[in-house]
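Notes for the one structure printed next.
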Amino acid sequence: MPGDFDNDRLAAAFEQLPRLLDCEPTLVRRGAFFDARFQVGIGTIPFDLTIAAGRIAAFARGPFVMSSWRFAVRGGAEAWGRLWQPVPDPGWHDLMALGKRGAVVLEGDLQPLMANLQYVKDLLVLPRRIFAEPR
């Protein structure tokens with residue numbers, strides 16, 4: 001995986017998010033009071049997620065025309081590729097670390113993100129498990 005930051009491969013891994021979340025009842029329970037629609041940008045590919053009571057109620061891959069969302073997390077392919085390494089390098093290990101280094105951008109109404117930060121951070125690293133599996 002190191003150095004392999006292909007948008008399509010990363011997006012394909014991110015599309016497994018609903019299945020990965022279904023395998024994490026503790027994470028679902030942690031997000032029990034979180035309801036929001038937000039967008040995640042994996043390189044040039046946008047995804048629209050609706051979370052209801054900690055579960056993914058809707059999940060769609062873009063592009064979208066005038067999609068409505070509360071907040072967005074957008075990062076380049078390198079940011080997501082490094083974040084999802086089985087053991088990420090320091091400074092690439094966490095959503096907030098990526099923001100600090102300028103590798104991701106947070107947009108919109110950040111209140112629901114910050115109120116549920118640990119849930120969102122844990123949700124967005126779930127694709128790491130795909131890259132940790134032996135091929």
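Chain labels follow the order of the structure tokens: the first chain is A, the next B, and so on; residue numbering restarts at 1 in every chain, and ligands are counted from 1 in their shown order.
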
Shell around Ile56 (chain A) at 8 Å using only C-alpha atoms, local window under 5 positions removed, as a PyMOL selection string: chain A and resi 18+21+49-51

Write out, as an mmCIF file, in the first residue's frame, the residues just selected, with N, CA and C atoms.
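Output saved as out-v9.cif:
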```
data_model
loop_
_atom_site.group_PDB
_atom_site.id
_atom_site.type_symbol
_atom_site.label_atom_id
_atom_site.label_comp_id
_atom_site.auth_asym_id
_atom_site.auth_seq_id
_atom_site.Cartn_x
_atom_site.Cartn_y
_atom_site.Cartn_z
ATOM 1 N N PRO A 18 -20.290 0.826 4.818
ATOM 2 C CA PRO A 18 -21.498 0.294 5.475
ATOM 3 C C PRO A 18 -21.294 -1.119 6.026
ATOM 4 N N LEU A 21 -18.986 -0.951 9.131
ATOM 5 C CA LEU A 21 -19.672 -0.417 10.306
ATOM 6 C C LEU A 21 -20.615 -1.449 10.906
ATOM 7 N N LEU A 49 -22.973 10.701 2.818
ATOM 8 C CA LEU A 49 -23.348 9.776 3.883
ATOM 9 C C LEU A 49 -24.437 10.393 4.737
ATOM 10 N N THR A 50 -25.423 9.600 5.077
ATOM 11 C CA THR A 50 -26.430 10.002 6.052
ATOM 12 C C THR A 50 -26.336 9.019 7.203
ATOM 13 N N ILE A 51 -26.081 9.561 8.386
ATOM 14 C CA ILE A 51 -25.984 8.754 9.596
ATOM 15 C C ILE A 51 -27.239 9.005 10.415
#
```

Who sits within 6 Å of region 77-92 of chain A, only C-alpha atoms, same chain under 5 positions skipped, as a VMD selection string: chain A and resid 5 7 43 97 to 98 103 128 132

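Closest approach to Asn116 (chain A) among A:Asp6, A:Arg19, A:Asp35, A:Ser68: A:Asp35, based on only C-alpha atoms.
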
Strand (DSSP E or B) call set, DSSP backbone run, chain A, as a PyMOL selection string: chain A and resi 36-42+45-52+55-61+71-75+104-108

Nearest residue to Gly99 (chain A) from the set A:Ala115, A:Leu17, A:Val73, A:Leu124 (distances using only C-alpha atoms): A:Val73

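Nearest to Cys23 (chain A) of all the residues A:Arg101, A:Arg55, A:Arg9, A:Arg61 is A:Arg55, based on only C-alpha atoms.
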
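Those residues that approach Phe33 (chain A) to within 9 Å, counting only C-alpha atoms, are Arg29, Ala52, Ala53, Gly54 and Asn116 of chain A; same-chain residues fewer than 4 positions away are not listed.
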
Using only C-alpha atoms: which of A:Leu117, A:Leu123, A:Ala11, A:Val104 has the shortest distance to Ala72 (chain A): A:Val104

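If you count only C-alpha atoms and ignore residues fewer than 6 places along the chain from Asp109 (chain A), what sits within 10 Å of it is Phe38, Trp69, Arg70, Phe71 and Ala72 of chain A.
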
Distance of CA of Phe34 (chain A) from CA of Asp22 (chain A), expressed in Å to one decimal place: 15.9 Å

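Minimum atom-to-atom distances from A:Ala60, A:Asp8, A:Thr26, A:Leu20 to Tyr119 (chain A) were compared using only C-alpha atoms, and the lowest value belongs to A:Thr26.
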
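Counting only C-alpha atoms, the residue from A:Asp94, A:Gly76, A:Glu107, A:Phe59 that sits nearest to Gln16 (chain A) is A:Phe59.
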
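Atom pair CA of Glu24 (chain A) / CA of Phe47 (chain A) has a distance of 20.7 Å (rounded to one decimal).
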
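Taking CA of Met96 (chain A) and CA of Gly108 (chain A) as the two end points, the separation is 15.9 Å.
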
Would you mind writing down, as a PDB file with N, CA and C atoms, in the first residue's frame, each residue of chain A that DSSP on the backbone assigns to helix (DSSP H, G or I)?
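result_33.pdb, freshly written:
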```pdb
ATOM      1  N   ASN A   7      -7.043   6.873  -6.652  1.00  0.00           N
ATOM      2  CA  ASN A   7      -8.390   7.314  -6.266  1.00  0.00           C
ATOM      3  C   ASN A   7      -9.402   6.192  -6.329  1.00  0.00           C
ATOM      4  N   ASP A   8      -9.417   5.437  -7.424  1.00  0.00           N
ATOM      5  CA  ASP A   8     -10.432   4.400  -7.602  1.00  0.00           C
ATOM      6  C   ASP A   8     -10.273   3.274  -6.580  1.00  0.00           C
ATOM      7  N   ARG A   9      -9.056   2.891  -6.295  1.00  0.00           N
ATOM      8  CA  ARG A   9      -8.824   1.834  -5.302  1.00  0.00           C
ATOM      9  C   ARG A   9      -9.233   2.308  -3.907  1.00  0.00           C
ATOM     10  N   LEU A  10      -8.904   3.536  -3.572  1.00  0.00           N
ATOM     11  CA  LEU A  10      -9.284   4.082  -2.271  1.00  0.00           C
ATOM     12  C   LEU A  10     -10.801   4.236  -2.168  1.00  0.00           C
ATOM     13  N   ALA A  11     -11.436   4.707  -3.251  1.00  0.00           N
ATOM     14  CA  ALA A  11     -12.889   4.850  -3.255  1.00  0.00           C
ATOM     15  C   ALA A  11     -13.572   3.492  -3.121  1.00  0.00           C
ATOM     16  N   ALA A  12     -13.025   2.468  -3.773  1.00  0.00           N
ATOM     17  CA  ALA A  12     -13.592   1.117  -3.659  1.00  0.00           C
ATOM     18  C   ALA A  12     -13.507   0.622  -2.220  1.00  0.00           C
ATOM     19  N   ALA A  13     -12.429   0.933  -1.543  1.00  0.00           N
ATOM     20  CA  ALA A  13     -12.309   0.557  -0.132  1.00  0.00           C
ATOM     21  C   ALA A  13     -13.321   1.329   0.708  1.00  0.00           C
ATOM     22  N   PHE A  14     -13.487   2.617   0.424  1.00  0.00           N
ATOM     23  CA  PHE A  14     -14.426   3.436   1.198  1.00  0.00           C
ATOM     24  C   PHE A  14     -15.864   2.965   0.974  1.00  0.00           C
ATOM     25  N   LEU A  17     -17.597   0.856   3.578  1.00  0.00           N
ATOM     26  CA  LEU A  17     -17.875   1.432   4.887  1.00  0.00           C
ATOM     27  C   LEU A  17     -19.159   0.909   5.528  1.00  0.00           C
ATOM     28  N   PRO A  18     -20.290   0.826   4.818  1.00  0.00           N
ATOM     29  CA  PRO A  18     -21.498   0.294   5.475  1.00  0.00           C
ATOM     30  C   PRO A  18     -21.294  -1.119   6.026  1.00  0.00           C
ATOM     31  N   ARG A  19     -20.649  -1.983   5.276  1.00  0.00           N
ATOM     32  CA  ARG A  19     -20.386  -3.353   5.734  1.00  0.00           C
ATOM     33  C   ARG A  19     -19.435  -3.348   6.935  1.00  0.00           C
ATOM     34  N   LEU A  20     -18.406  -2.522   6.872  1.00  0.00           N
ATOM     35  CA  LEU A  20     -17.447  -2.451   7.972  1.00  0.00           C
ATOM     36  C   LEU A  20     -18.108  -1.941   9.250  1.00  0.00           C
ATOM     37  N   LEU A  21     -18.986  -0.951   9.131  1.00  0.00           N
ATOM     38  CA  LEU A  21     -19.672  -0.417  10.306  1.00  0.00           C
ATOM     39  C   LEU A  21     -20.615  -1.449  10.906  1.00  0.00           C
ATOM     40  N   ASP A  22     -21.265  -2.254  10.084  1.00  0.00           N
ATOM     41  CA  ASP A  22     -22.154  -3.295  10.594  1.00  0.00           C
ATOM     42  C   ASP A  22     -21.419  -4.289  11.486  1.00  0.00           C
ATOM     43  N   PRO A  25     -20.516  -3.110  16.462  1.00  0.00           N
ATOM     44  CA  PRO A  25     -21.658  -2.681  17.293  1.00  0.00           C
ATOM     45  C   PRO A  25     -21.287  -1.637  18.351  1.00  0.00           C
ATOM     46  N   THR A  26     -20.062  -1.673  18.841  1.00  0.00           N
ATOM     47  CA  THR A  26     -19.644  -0.678  19.831  1.00  0.00           C
ATOM     48  C   THR A  26     -19.594   0.713  19.213  1.00  0.00           C
ATOM     49  N   LEU A  27     -19.111   0.809  17.992  1.00  0.00           N
ATOM     50  CA  LEU A  27     -19.064   2.096  17.303  1.00  0.00           C
ATOM     51  C   LEU A  27     -20.475   2.593  16.991  1.00  0.00           C
ATOM     52  N   VAL A  28     -21.348   1.703  16.561  1.00  0.00           N
ATOM     53  CA  VAL A  28     -22.745   2.083  16.310  1.00  0.00           C
ATOM     54  C   VAL A  28     -23.369   2.622  17.596  1.00  0.00           C
ATOM     55  N   ARG A  29     -23.132   1.947  18.709  1.00  0.00           N
ATOM     56  CA  ARG A  29     -23.677   2.386  20.001  1.00  0.00           C
ATOM     57  C   ARG A  29     -23.120   3.756  20.387  1.00  0.00           C
ATOM     58  N   ARG A  30     -21.841   3.992  20.111  1.00  0.00           N
ATOM     59  CA  ARG A  30     -21.238   5.289  20.437  1.00  0.00           C
ATOM     60  C   ARG A  30     -21.891   6.424  19.648  1.00  0.00           C
ATOM     61  N   ALA A  77      -5.949  11.828  -2.347  1.00  0.00           N
ATOM     62  CA  ALA A  77      -5.727  10.381  -2.318  1.00  0.00           C
ATOM     63  C   ALA A  77      -4.562  10.022  -1.389  1.00  0.00           C
ATOM     64  N   GLU A  78      -3.521  10.845  -1.379  1.00  0.00           N
ATOM     65  CA  GLU A  78      -2.390  10.550  -0.493  1.00  0.00           C
ATOM     66  C   GLU A  78      -2.822  10.554   0.971  1.00  0.00           C
ATOM     67  N   ALA A  79      -3.648  11.520   1.366  1.00  0.00           N
ATOM     68  CA  ALA A  79      -4.099  11.608   2.764  1.00  0.00           C
ATOM     69  C   ALA A  79      -4.844  10.345   3.178  1.00  0.00           C
ATOM     70  N   TRP A  80      -5.813   9.918   2.371  1.00  0.00           N
ATOM     71  CA  TRP A  80      -6.594   8.722   2.718  1.00  0.00           C
ATOM     72  C   TRP A  80      -5.736   7.466   2.615  1.00  0.00           C
ATOM     73  N   GLY A  81      -4.877   7.403   1.612  1.00  0.00           N
ATOM     74  CA  GLY A  81      -4.006   6.237   1.469  1.00  0.00           C
ATOM     75  C   GLY A  81      -3.078   6.066   2.653  1.00  0.00           C
ATOM     76  N   ARG A  82      -2.532   7.154   3.131  1.00  0.00           N
ATOM     77  CA  ARG A  82      -1.641   7.074   4.289  1.00  0.00           C
ATOM     78  C   ARG A  82      -2.421   6.798   5.572  1.00  0.00           C
ATOM     79  N   LEU A  83      -3.610   7.402   5.729  1.00  0.00           N
ATOM     80  CA  LEU A  83      -4.449   7.179   6.906  1.00  0.00           C
ATOM     81  C   LEU A  83      -4.852   5.715   7.018  1.00  0.00           C
ATOM     82  N   LEU A  95      -7.672  11.843  11.731  1.00  0.00           N
ATOM     83  CA  LEU A  95      -8.331  12.909  10.970  1.00  0.00           C
ATOM     84  C   LEU A  95      -7.823  14.291  11.372  1.00  0.00           C
ATOM     85  N   MET A  96      -7.668  14.523  12.653  1.00  0.00           N
ATOM     86  CA  MET A  96      -7.212  15.836  13.101  1.00  0.00           C
ATOM     87  C   MET A  96      -5.745  16.064  12.738  1.00  0.00           C
ATOM     88  N   ALA A  97      -4.935  15.021  12.752  1.00  0.00           N
ATOM     89  CA  ALA A  97      -3.539  15.144  12.319  1.00  0.00           C
ATOM     90  C   ALA A  97      -3.480  15.505  10.844  1.00  0.00           C
ATOM     91  N   LEU A  98      -4.362  14.891  10.045  1.00  0.00           N
ATOM     92  CA  LEU A  98      -4.408  15.227   8.611  1.00  0.00           C
ATOM     93  C   LEU A  98      -4.821  16.681   8.408  1.00  0.00           C
ATOM     94  N   GLY A  99      -5.773  17.140   9.214  1.00  0.00           N
ATOM     95  CA  GLY A  99      -6.182  18.545   9.136  1.00  0.00           C
ATOM     96  C   GLY A  99      -5.057  19.484   9.518  1.00  0.00           C
ATOM     97  N   LYS A 100      -4.324  19.126  10.556  1.00  0.00           N
ATOM     98  CA  LYS A 100      -3.214  19.972  11.015  1.00  0.00           C
ATOM     99  C   LYS A 100      -2.135  20.102   9.945  1.00  0.00           C
ATOM    100  N   GLN A 111     -20.146  21.968  13.986  1.00  0.00           N
ATOM    101  CA  GLN A 111     -20.664  21.599  15.309  1.00  0.00           C
ATOM    102  C   GLN A 111     -21.023  20.115  15.408  1.00  0.00           C
ATOM    103  N   PRO A 112     -21.787  19.529  14.458  1.00  0.00           N
ATOM    104  CA  PRO A 112     -22.079  18.099  14.607  1.00  0.00           C
ATOM    105  C   PRO A 112     -20.827  17.214  14.495  1.00  0.00           C
ATOM    106  N   LEU A 113     -19.865  17.635  13.724  1.00  0.00           N
ATOM    107  CA  LEU A 113     -18.611  16.896  13.630  1.00  0.00           C
ATOM    108  C   LEU A 113     -17.888  16.925  14.969  1.00  0.00           C
ATOM    109  N   MET A 114     -17.726  18.107  15.538  1.00  0.00           N
ATOM    110  CA  MET A 114     -16.978  18.236  16.788  1.00  0.00           C
ATOM    111  C   MET A 114     -17.715  17.595  17.960  1.00  0.00           C
ATOM    112  N   ALA A 115     -19.043  17.636  17.948  1.00  0.00           N
ATOM    113  CA  ALA A 115     -19.814  17.011  19.021  1.00  0.00           C
ATOM    114  C   ALA A 115     -19.716  15.489  18.973  1.00  0.00           C
ATOM    115  N   LEU A 117     -16.907  13.845  17.406  1.00  0.00           N
ATOM    116  CA  LEU A 117     -15.603  13.722  16.762  1.00  0.00           C
ATOM    117  C   LEU A 117     -15.021  12.311  16.837  1.00  0.00           C
ATOM    118  N   GLN A 118     -15.057  11.690  18.004  1.00  0.00           N
ATOM    119  CA  GLN A 118     -14.448  10.357  18.107  1.00  0.00           C
ATOM    120  C   GLN A 118     -15.191   9.350  17.237  1.00  0.00           C
ATOM    121  N   TYR A 119     -16.509   9.458  17.180  1.00  0.00           N
ATOM    122  CA  TYR A 119     -17.293   8.567  16.323  1.00  0.00           C
ATOM    123  C   TYR A 119     -16.895   8.747  14.854  1.00  0.00           C
ATOM    124  N   VAL A 120     -16.846   9.998  14.395  1.00  0.00           N
ATOM    125  CA  VAL A 120     -16.524  10.268  12.991  1.00  0.00           C
ATOM    126  C   VAL A 120     -15.093   9.829  12.681  1.00  0.00           C
ATOM    127  N   LYS A 121     -14.159  10.113  13.581  1.00  0.00           N
ATOM    128  CA  LYS A 121     -12.778   9.686  13.365  1.00  0.00           C
ATOM    129  C   LYS A 121     -12.693   8.168  13.253  1.00  0.00           C
ATOM    130  N   ASP A 122     -13.365   7.461  14.143  1.00  0.00           N
ATOM    131  CA  ASP A 122     -13.332   5.996  14.104  1.00  0.00           C
ATOM    132  C   ASP A 122     -14.053   5.449  12.879  1.00  0.00           C
ATOM    133  N   LEU A 123     -15.122   6.099  12.471  1.00  0.00           N
ATOM    134  CA  LEU A 123     -15.851   5.688  11.267  1.00  0.00           C
ATOM    135  C   LEU A 123     -14.963   5.818  10.029  1.00  0.00           C
ATOM    136  N   LEU A 124     -14.269   6.938   9.923  1.00  0.00           N
ATOM    137  CA  LEU A 124     -13.488   7.206   8.719  1.00  0.00           C
ATOM    138  C   LEU A 124     -12.187   6.411   8.634  1.00  0.00           C
ATOM    139  N   ARG A 128      -9.260   1.111   6.868  1.00  0.00           N
ATOM    140  CA  ARG A 128      -7.906   0.647   7.189  1.00  0.00           C
ATOM    141  C   ARG A 128      -7.882  -0.879   7.278  1.00  0.00           C
ATOM    142  N   ARG A 129      -8.979  -1.467   7.728  1.00  0.00           N
ATOM    143  CA  ARG A 129      -9.040  -2.928   7.872  1.00  0.00           C
ATOM    144  C   ARG A 129      -8.913  -3.640   6.532  1.00  0.00           C
ATOM    145  N   ILE A 130      -9.399  -3.017   5.485  1.00  0.00           N
ATOM    146  CA  ILE A 130      -9.313  -3.631   4.141  1.00  0.00           C
ATOM    147  C   ILE A 130      -7.854  -3.746   3.712  1.00  0.00           C
ATOM    148  N   PHE A 131      -7.078  -2.703   3.985  1.00  0.00           N
ATOM    149  CA  PHE A 131      -5.687  -2.703   3.563  1.00  0.00           C
ATOM    150  C   PHE A 131      -4.797  -3.516   4.510  1.00  0.00           C
ATOM    151  N   ALA A 132      -5.313  -3.836   5.713  1.00  0.00           N
ATOM    152  CA  ALA A 132      -4.562  -4.666   6.645  1.00  0.00           C
ATOM    153  C   ALA A 132      -4.733  -6.143   6.347  1.00  0.00           C
TER     154      ALA A 132
END
```

Spatial neighbours of Met66 (chain A), max dist 12 Å, only C-alpha atoms, sep filter under 4 positions, as a PyMOL selection string: chain A and resi 39+48+62
